[in-house]
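Report on the following structure.
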Amino acid sequence: MSSDSIRLDGVEKSFGAVRALAGVDLHVAAGECLGLVGHNGAGKSTLMHVLSGNLTPSAGELSVGGAKITGNWTAAAAQASGIRCVFQELSLCPNLSVAENVRIVHRSLKGLGWKKRASDLIRAKLDEIFPGHGISPEDEIADLAIGKRQMAEIARAFTVTDGPLRLVILDEPTSSLDAVTAEQLLAYVKTETARGTSVILISHLLGEILSTSDRIVVMKDGKTVAERKARDFSRNSLVAAMGSEAHERRQATAKILGTDVPVLVKARPKTGGSTALEARKGEVIGLTGLAGHGQTRMLLQIYSRDHADVKGAISFIAGDRQSDGIFNLWSIGRNITIRSLKALRKGGLIDLAAEEKLAEDWKTRMAIRTPDVNNNILTLSGGNQQKALFARALGSDAAIILMDDPMRGVDIGTKQEVYAMIRAQADEGRTFIWYTTEIDELSHCDRAYVFRNGEITASLGHDDLTEEKVLQASFAETAA
Amino acid sequence: DTKDKKIALSNNYAGNSWRQAMLKSWDKVTKPAVEAGIVAAADPFTTSENQVTEQAAQIQNLILQGYNAIVINAASPDALNGVVKQACDAGIVVVSFDGIVTEPCAWRIAVDFKAMGASEVEYLAKKMPEGGNLLEIRGLAGVFVDDEISKGINETVAKYPQFKIVGSVHGDWAQEVAQKAVAGILPSLPEVKAVVTQGGDGYGAAQAFAAAGRPTPLIIMGNRQDELQWWKEQKDANKYETMSVSIAPGVSTLAFWVAQMILDGKEVPKDLTVPFLRIDQDNLEASLATTEKGGVANVEYTAEDAAKVVAGK
Amino acid sequence: MNQSFAYLKKQPWVWSFAAALAVWLITIAYTEGQGATAILTAALSFATFTIIVGLGQMMVITTGPGNVDLSIPATITLSGVVAMKVMDEQTAMIIPGIVAALGAATLVGIFNYGLIRLLRIPPIIATLSSSFLILSTAISYGRGIRIKPPLPLSDFATARIFGVPLSAILVLVISIGLAVVLKRTVYGRSVLAVGQNMRAAWLAGMNVDRTRFATYVLSAFFSGICGIVLSGFSGGAALNMGEEFLLASIATVVIGGTSVAGGRANVPGIWGAALFMYLLVTMLNTFGASAGVRLILTGLMIIGVIVAAGGEEQR
Amino acid sequence: MNRRLLRQALPFISLAVVLIATFIVQPRTMSYFGLNLMLQYAVPIALATIAQMFIITVNDLDLSIGPFVGLVSCIGATLLLDNPALGIGALAVLIAAYGAVGALVHLRNLPSIVVTLGLSFVWLGIAVLILPSPGGKAPVWLKAIMSVQIPVVPFPIVAAVVIGVVVHLALMMSSYGVIARGAGGNPKALTRAGWSMLRTKIIMYMLAGFFGVLSGLSLLGLTTAGDAHVADRYTLYSIAGVILGGGEFIGGRVSPMGAVVGALTLALAGSFLIFLKISPDWQIGAQGAILIIVLALRALVTYGEQKR
Ligand SMILES: Nc1ncnc2c1ncn2[C@@H]1O[C@H](COP(=O)(O)OP(=O)(O)OP(=O)(O)O)[C@@H](O)[C@H]1O
Ligand SMILES: Nc1ncnc2c1ncn2[C@@H]1O[C@H](COP(=O)(O)OP(=O)(O)OP(=O)(O)O)[C@@H](O)[C@H]1O
Ligand SMILES: [Mg+2]
Ligand SMILES: [Mg+2]
């Protein structure tokens with residue numbers, strides 16, 4: 001096939017005992033958008049690391065533009081052949097400005113006036129992909145919320161200077177984007193492929209995979225198990241190919257609570273507005289609106305009991321697992337049990353056997369894919385790390401669980417299980433306050449608050465939680 | 001007449017008892033002198049660690065403050081020459097003591113460190129003509145005083161073939177460091193007849209020998225009260241004999257008077273030598289009696305004493 | 001057999017012990033076996049001082065990158081001076097002296113964390129600045145006078161049981177206690193968690209402030225113990241008695257396998273490293289190397305051990 | 001007011017405060033002669049601080065810079081004086097050695113603190129071998145450079161500005177400076193973009209070595225004689241200078257101008273204390289107090305930032 005832009009044959013990769021890639025064949029044609037799906041830990045990110053020269057495969061062949069690669073395939077070589085990657089875990093330098101981060105991927109941006117050229121380049125690309133993005137090239141990355149960082153990194157991947165742009169890999173690019181920006185990105189992917197650039201799109205949101213890709217490859221346990229044109233897949237057949245069952249179960253009604261049910265949380269955003277958030281025992285409360293409008297801050301305000309009326313212990317599930325969640329040096333088990341250490345004490349000392357048992361229990365309940373909970377947390381795929389964070393909170397004694405967009409990177413099968421678990425726990429009396437960037441997820445909430453500019457602008461009941469009404473409320477000006 | 005002249009003391013280290021005693025002597029002698037109107041001021045300045053650069057900056061500031069004379073205990077004999085020259089050029093009298101400077105425009109009140117080292121070995125040669133093995137405890141590596149005393153010791157040992165230095169450690173002039181270093185090397189050494197030191201570390205050495213269960217050799221002492229006290233106890237118990245050589249911290253007061261005399265227009269030679277302080281078996285009790293408990297054996301100078309030293313008597 | 005060897009090779013503390021053993025063997029090979037046990041006894045009794053402050057430094061370093069206690073030398077001096085002055089050679093005053101000295105040390109810890117937390121000064125600079133203030137306090141309080149310790153204290157500091165220094169046994173007990181604290185208490189886990197990611201630790205429900213506060217106080221407290229026992233051991237307190245512990249405390253911690261990036265502590269490694277550092281100096285002294293050569297070899301050996309032990313895993 | 005700007009301006013404000021306080025306590029310093037004298041010794045400190053800053057940029061710490069400066073001063077006062085070609089060769093070897101250390105630290109992923117701690121003994125040892133006790137002589141040209149008299153503005157001020165601006169242009173403005181700082185911010189991102197971390201570290205360490213050499217030589221020009229222990233305290237000074245100047249230990253956040261200003265502030269603070277005539281007991285403590293006060297200013301600003 002001469003139109004093949006990139007071709008991988010029989011690629012294998014093992015990490016110790018874990019066989020992450022067990023002989024994968026994959027090809028991408030020029031101007032094609034390839035959707036790549038699979039459960040957490042299927043090997044998608046690992047494959048992309050091989051493709052972008054950041055991991056050396058144990059076996060297999062790679063050809064670019066029809067030419068077989070014989071020498072060392074390095075990150076620099078991949079860059080030079082026009083392969084760009086937006087990794088699942090962002091790779092921007094937080095201490096540099098957006099424009100300076102652009103310089104890092106473009107060797108030709110040097111000499112006098114490079115900064116202006118870099119700024120112009122990224123500004124134009126941001127304008128093209130995300131109109132109204134509100135990012136300045138001079139902004140330092142550390143000052144941007146995670147959603148904006150992701151936008152900057154995506155735009156950076158599509159910028160072109162002297163070299164060719166052959167392939168852009170997007171590894172779960174919409175995980176931190178709200179519905180509007182995600183839509184902008186997907187629309188742009190179509191424009192870009194029409195120009196002849198190939199795109200590999202990895203996502204757990206099957207809707208966007210189905211609507212955007214030309215062809216879909218399904219991975220399972222380090223192998224490709226299905227490959228078809230996108231239009232030949234339906235949502236259900238795709239889920240089936242991934243090996244999960246489809247539960248398209250929208251929760252029918254909200255829970256009706258009697259007036260005697262105590263209010264556990266009452267807090268008004270410090271950032272403004274007169275509306276306060278209220279959560280009663282056993283409720284699942286959603287926080288929504290466009291990303292970066294103060295939802296995380298609301299959660300942190302409740303967490304630190306700062307101008308907030310809170311009754312009961314709190315546990316926090318971070319969405320930005322790298323900076324807010326995991327402990328890199330620790331095993332999966334220790335990462336799970338940290339929130340429960342006080343309860344695990346016996347005579348002042350932590351009972352190691354009980355600790356191990358708790359970890360094992362929750363590994364099984366959350367179906368964390370690992371041979372041993374004593375392995376380091378970083379040996380888990382992104383989605384499985386997220387599951388460990390769920391296990392940490394759900395395994396604790398907290399009455400109130402705060403969730404900061406926690407489903408980032410979690411595969412569809414697991415999500416269904418987690419939704420069910422949240423519901424079951426809510427029925428047992430746990431309270432959930434859940435910030436989500438996926439409007440679909442709001443259907444699992446009893447009520448939701450819409451945020452704009454740090455204020456609560458609307459409170460929607462279960463039946464009003466449709467995409468249309470949420471977006472409407474997100475853009476509405478505050479009444480008062 | 002020096003009643004409106006201002007003198008400053010520039011000191012570079014205050015972290016041991018010798019320096020503390022030196023500062024105290026300065027205070028004790030200059031306060032009355034200022035009150036009596038002999039000079040207008042005699043302010044002491046000290047930096048935290050034995051650092052040339054800090055002291056240089058300090059001297060520059062003293063120049064700016066308009067002192068007429070600066071009395072220096074220098075961190076380095078050569079490395080302060082630049083700033084000393086600046087002071088001289090600004091018309092300031094510079095008198096260095098203990099740690100002297102080599103810049104020709106300054107006065108030097110020197111202790112002959114080499115002779116001090118040599119005197120230790122000479123004493124041993126007389127005391128134990130049969131000779132024996134010696135252990136040398138040195139000061140801080142890379143510092144002028146350490147190098148000089150050690151040279152004096154080694155050159156003299158070369159003259160007496162019956163002595164042999166079987167081990168040499170750096171005690172950094174600190175009790176704890178000396179004790180540690182001696183304890184470490186001791187097990188590997190043959191019998192040690194005597195320990196030559198640089199002062200301040202004799203007590204530490206004695207403790208190390210005791211801890212190792214070795215017979216106590218003849219240890220040359222410094223001038224710290226605890227060293228003298230230990231010597232006295234040994235002397236009373238078993239007629240232990242040794243000697244002590246050191247420099248009296250009160251030499252700072254000599255430097256003060258010398259500076260005052262120069263300001264007064266007196267003729268003072270550029271190079272003065274002060275005898276080191278020596279304590280022997282017979283004047284041990286007398287010295288101990290005048291030494292403050294926990295302090296340092298000391299000699300302070302009066303204007304008359306200073307005049308005698310200048311006159312070469 | 002092979003398996004246990006592979007296990008050993010992965011333990012970060014193995015290297016420091018191996019290095020200590022090697023240096024000791026070379027030394028006694030040179031002396032043809034003379035003084036083999038005496039050298040070890042001396043090493044144990046002097047290493048205990050480095051170990052106790054090393055343990056405190058280890059806890060501080062474990063709380064995360066940039067955390068280090070540079071006030072250890074000054075705190076040792078202060079507590080030594082306070083102890084000796086309060087005791088004033090009287091046996092009856094030993095307990096009040098210890099209480100006063102440890103109290104002063106604890107105050108130093110509180111002050112340090114106050115600077116770090118309230119004034120947001122980076123720990124390196126905060127503890128450096130406070131060390132100057134502490135030293136001035138010691139100077140002004142002690143006046144450079146060297147007071148001898150009461151006899152029971154110096155007897156205790158130099159006592160041996162079957163040739164093993166009593167102080168080494170005391171420090172061994174403290175070490176084991178600290179290892180248990182790290183593995184099996186909430187405080188210990190908090191230290192490790194805070195060292196890896198302070199924000200994540202907070203969000204996981206740990207009390208970050210209390211943990212860091214306790215750690216700085218602990219380090220100062222251990223320095224206090226060191227100051228008291230060292231004064232007893234060497235016949236009094238001196239203003240420069242702590243100086244050598246500045247670099248020694250950091251070196252033993254890191255050579256012993258504790259991560260400078262925080263989050264990983266290693267108690268046994270400190271023992272190996274402290275013995276290694278002492279035996280190294282002893283070896284070079286025994287060889288009669290000149291000061292320059294000794295310094296160069298010391299440096300190269302430190303680098304050699306850390307190179308052999310390898311760095312942190314690449315991640 | 002923009003907090004970030006305020007934070008960047010802070011080192012300059014601190015310097016101004018200390019300078020004004022000094023002028024008030026001792027008006028004589030407010031002159032060409034006074035400033036010249038007071039700031040002379042800040043030049044080598046500023047250079048050492050810049051050297052430290054290069055290492056901090058890539059998330060490492062150099063505990064050997066002080067003894068290294070001392071070693072350079074010893075070489076300068078002996079080899080460089082007797083045989084300039086050999087002296088320059090020796091200094092070049094030292095810079096290369098710094099690069100090798102950078103490579104070692106990177107390849108074996110070693111904690112820089114321990115490696116440079118070991119290195120500090122090595123430097124001191126070599127210096128003591130070369131010059132067992134202080135001495136030697138500075139080459140005449142070095143003395144001449146360091147005592148040069150520039151009309152109107154004192155030489156140390158000119159030197160500080162030149163150092164700050166040159167390094168600022170190289171590290172903060174140039175396209176390769178971005179790579180260097182990025183290496184501190186997120187090394188993974190850099191390797192993923194195909195840059196060699198090894199090369200970056202080697203270059204940064206060699207730059208540190210180069211500025212260490214400049215620091216040693218300028219110090220020698222002032223002291224006129226070599227001394228192995230002459231700069232032992234520079235290690236802590238240089239770290240304090242970088243932090244006072246607004247740098248951070250981790251994350252590639254540094255400021256060359258700030259570092260130079262931080263070094264000047266430290267030097268001035270020392271002078272200020274001397275002018276205050278504090279009792280000798282408390283002179284050491286006062287140095288600590290002044291560091292705390294200057295840094296407490298930062299706390300006020302960052303505190304405001306948190307409240308944002
Ligand atoms: N550095 C590593 N060490 C050990 N195992 C690893 C490492 N990186 C990945 N793995 C393992 O390789 C497998 C594939 O992981 P990968 O990250 O490619 O999954 P993924 O398909 O991207 O999953 P997700 O959707 O959760 O991101 C997983 O079982 C993971 O645990
Ligand atoms: N009190 C606080 N302490 C520490 N960090 C905070 C605090 N408040 C907010 N932040 C951080 O500031 C950033 C912006 O917060 P904000 O709540 O405005 O955004 P957001 O709605 O959570 O946006 P996104 O969904 O993109 O994360 C977040 O990264 C948040 O973690
Ligand atoms: Mg992945
Ligand atoms: Mg958020």
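Following the order of the structure tokens, chains are lettered A, B, ..., residues in each are numbered from 1, and ligands are numbered from 1.
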Could you please select, counting only C-alpha atoms, the residues of chain D within 7 Å of chain C and state them as a PyMOL selection string? chain D and resi 108-111+114-115+118-122+124-126+128-129+240+249+281-282+284-289+291-292+295-296+299
Return as a PyMOL selection string the residues belonging to chain B that are within 6 Å of chain D, counting only C-alpha atoms. chain B and resi 46+48+52+60+78-80+82+142-144
All residues within 7 Å of ligand 1 are required, counting only C-alpha atoms and all ligand atoms; please report them as a ChimeraX atom specification. /A:15-16,18-20,38-47,88,222,369-370,378-384,409-411
Could you please take those selected residues and save C-alpha atoms as a PDB file, in the first residue's frame?
ATOM      1  CA  PHE A  15       7.834  -4.420  31.054  1.00  0.00           C
ATOM      2  CA  GLY A  16       9.222  -7.176  33.216  1.00  0.00           C
ATOM      3  CA  VAL A  18       3.877  -7.465  31.868  1.00  0.00           C
ATOM      4  CA  ARG A  19       3.514  -7.979  28.141  1.00  0.00           C
ATOM      5  CA  ALA A  20       2.193  -4.561  27.144  1.00  0.00           C
ATOM      6  CA  GLY A  38      -9.361  -0.347  24.090  1.00  0.00           C
ATOM      7  CA  HIS A  39      -9.731  -0.963  27.773  1.00  0.00           C
ATOM      8  CA  ASN A  40      -7.390   0.637  30.319  1.00  0.00           C
ATOM      9  CA  GLY A  41      -4.014  -0.987  30.004  1.00  0.00           C
ATOM     10  CA  ALA A  42      -4.681  -2.402  26.553  1.00  0.00           C
ATOM     11  CA  GLY A  43      -1.379  -0.954  25.387  1.00  0.00           C
ATOM     12  CA  LYS A  44      -2.507   2.084  23.423  1.00  0.00           C
ATOM     13  CA  SER A  45      -0.166   4.577  25.049  1.00  0.00           C
ATOM     14  CA  THR A  46       2.714   2.141  24.957  1.00  0.00           C
ATOM     15  CA  LEU A  47       2.208   1.676  21.224  1.00  0.00           C
ATOM     16  CA  GLN A  88      -1.778  11.239  27.764  1.00  0.00           C
ATOM     17  CA  GLY A 222      -1.595  -5.804  23.834  1.00  0.00           C
ATOM     18  CA  ARG A 369      -5.203  -4.646  36.120  1.00  0.00           C
ATOM     19  CA  THR A 370      -2.048  -5.704  37.855  1.00  0.00           C
ATOM     20  CA  LEU A 378       3.547   3.844  37.772  1.00  0.00           C
ATOM     21  CA  THR A 379       3.449   0.371  36.266  1.00  0.00           C
ATOM     22  CA  LEU A 380      -0.279   0.914  35.844  1.00  0.00           C
ATOM     23  CA  SER A 381      -1.789   2.479  32.766  1.00  0.00           C
ATOM     24  CA  GLY A 382      -3.303   5.914  33.211  1.00  0.00           C
ATOM     25  CA  GLY A 383      -6.838   4.669  33.597  1.00  0.00           C
ATOM     26  CA  ASN A 384      -5.867   2.030  36.110  1.00  0.00           C
ATOM     27  CA  GLY A 409      -8.907   8.338  30.978  1.00  0.00           C
ATOM     28  CA  VAL A 410     -11.148   5.675  32.451  1.00  0.00           C
ATOM     29  CA  ASP A 411     -12.386   3.157  29.901  1.00  0.00           C
TER      30      ASP A 411
END
Per residue of chain C within 12 Å of ligand 2, note the shortest atom pair and the distance in Å to one decimal, counting only C-alpha atoms and all ligand atoms, and order the rows by chain and increasing residue number, as JSON lines.
{"residue": "C:Met198", "atom": "CA", "partner": "ligand 2", "partner_atom_place_in_ligand_line": "4 (C)", "distance": 11.2}
{"residue": "C:Arg199", "atom": "CA", "partner": "ligand 2", "partner_atom_place_in_ligand_line": "4 (C)", "distance": 8.2}
{"residue": "C:Ala200", "atom": "CA", "partner": "ligand 2", "partner_atom_place_in_ligand_line": "4 (C)", "distance": 11.0}
{"residue": "C:Trp202", "atom": "CA", "partner": "ligand 2", "partner_atom_place_in_ligand_line": "4 (C)", "distance": 10.5}
{"residue": "C:Leu203", "atom": "CA", "partner": "ligand 2", "partner_atom_place_in_ligand_line": "4 (C)", "distance": 10.4}
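Around ligand 4, the neighbouring residues within 10 Å, taking only C-alpha atoms and all ligand atoms, come to Ala145, Ile146, Gly147, Ser176, Ala291, Gly292, His293, Gly294, Gln295, Thr296, Arg297, Met298, Leu299, Leu300, Ala318, Gly319, Asp320, Met403, Asp404, Asp405, Pro406, Tyr435, Thr436 and Thr437 of chain A.
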Near chain C, which residues of chain B fall within 6 Å when you count only C-alpha atoms, and what do they look like as a compact mmCIF listing (two decimals) with C-alpha atoms, in the first residue's frame?
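Saved to selection.txt:
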# COMPACT_ATOMS: atom_id res chain seq x y z
CA GLY B 15 33.86 30.23 67.29
CA ASN B 16 36.40 28.99 69.83
CA SER B 17 37.46 29.88 73.32
CA GLN B 20 36.43 34.59 72.78
CA GLY B 184 40.82 6.44 64.73
CA ILE B 185 44.52 6.19 64.06
CA PRO B 187 44.77 1.27 67.09
CA SER B 188 47.05 1.01 64.08
CA GLY B 294 36.91 26.90 81.49
CA GLY B 295 38.90 29.76 80.02
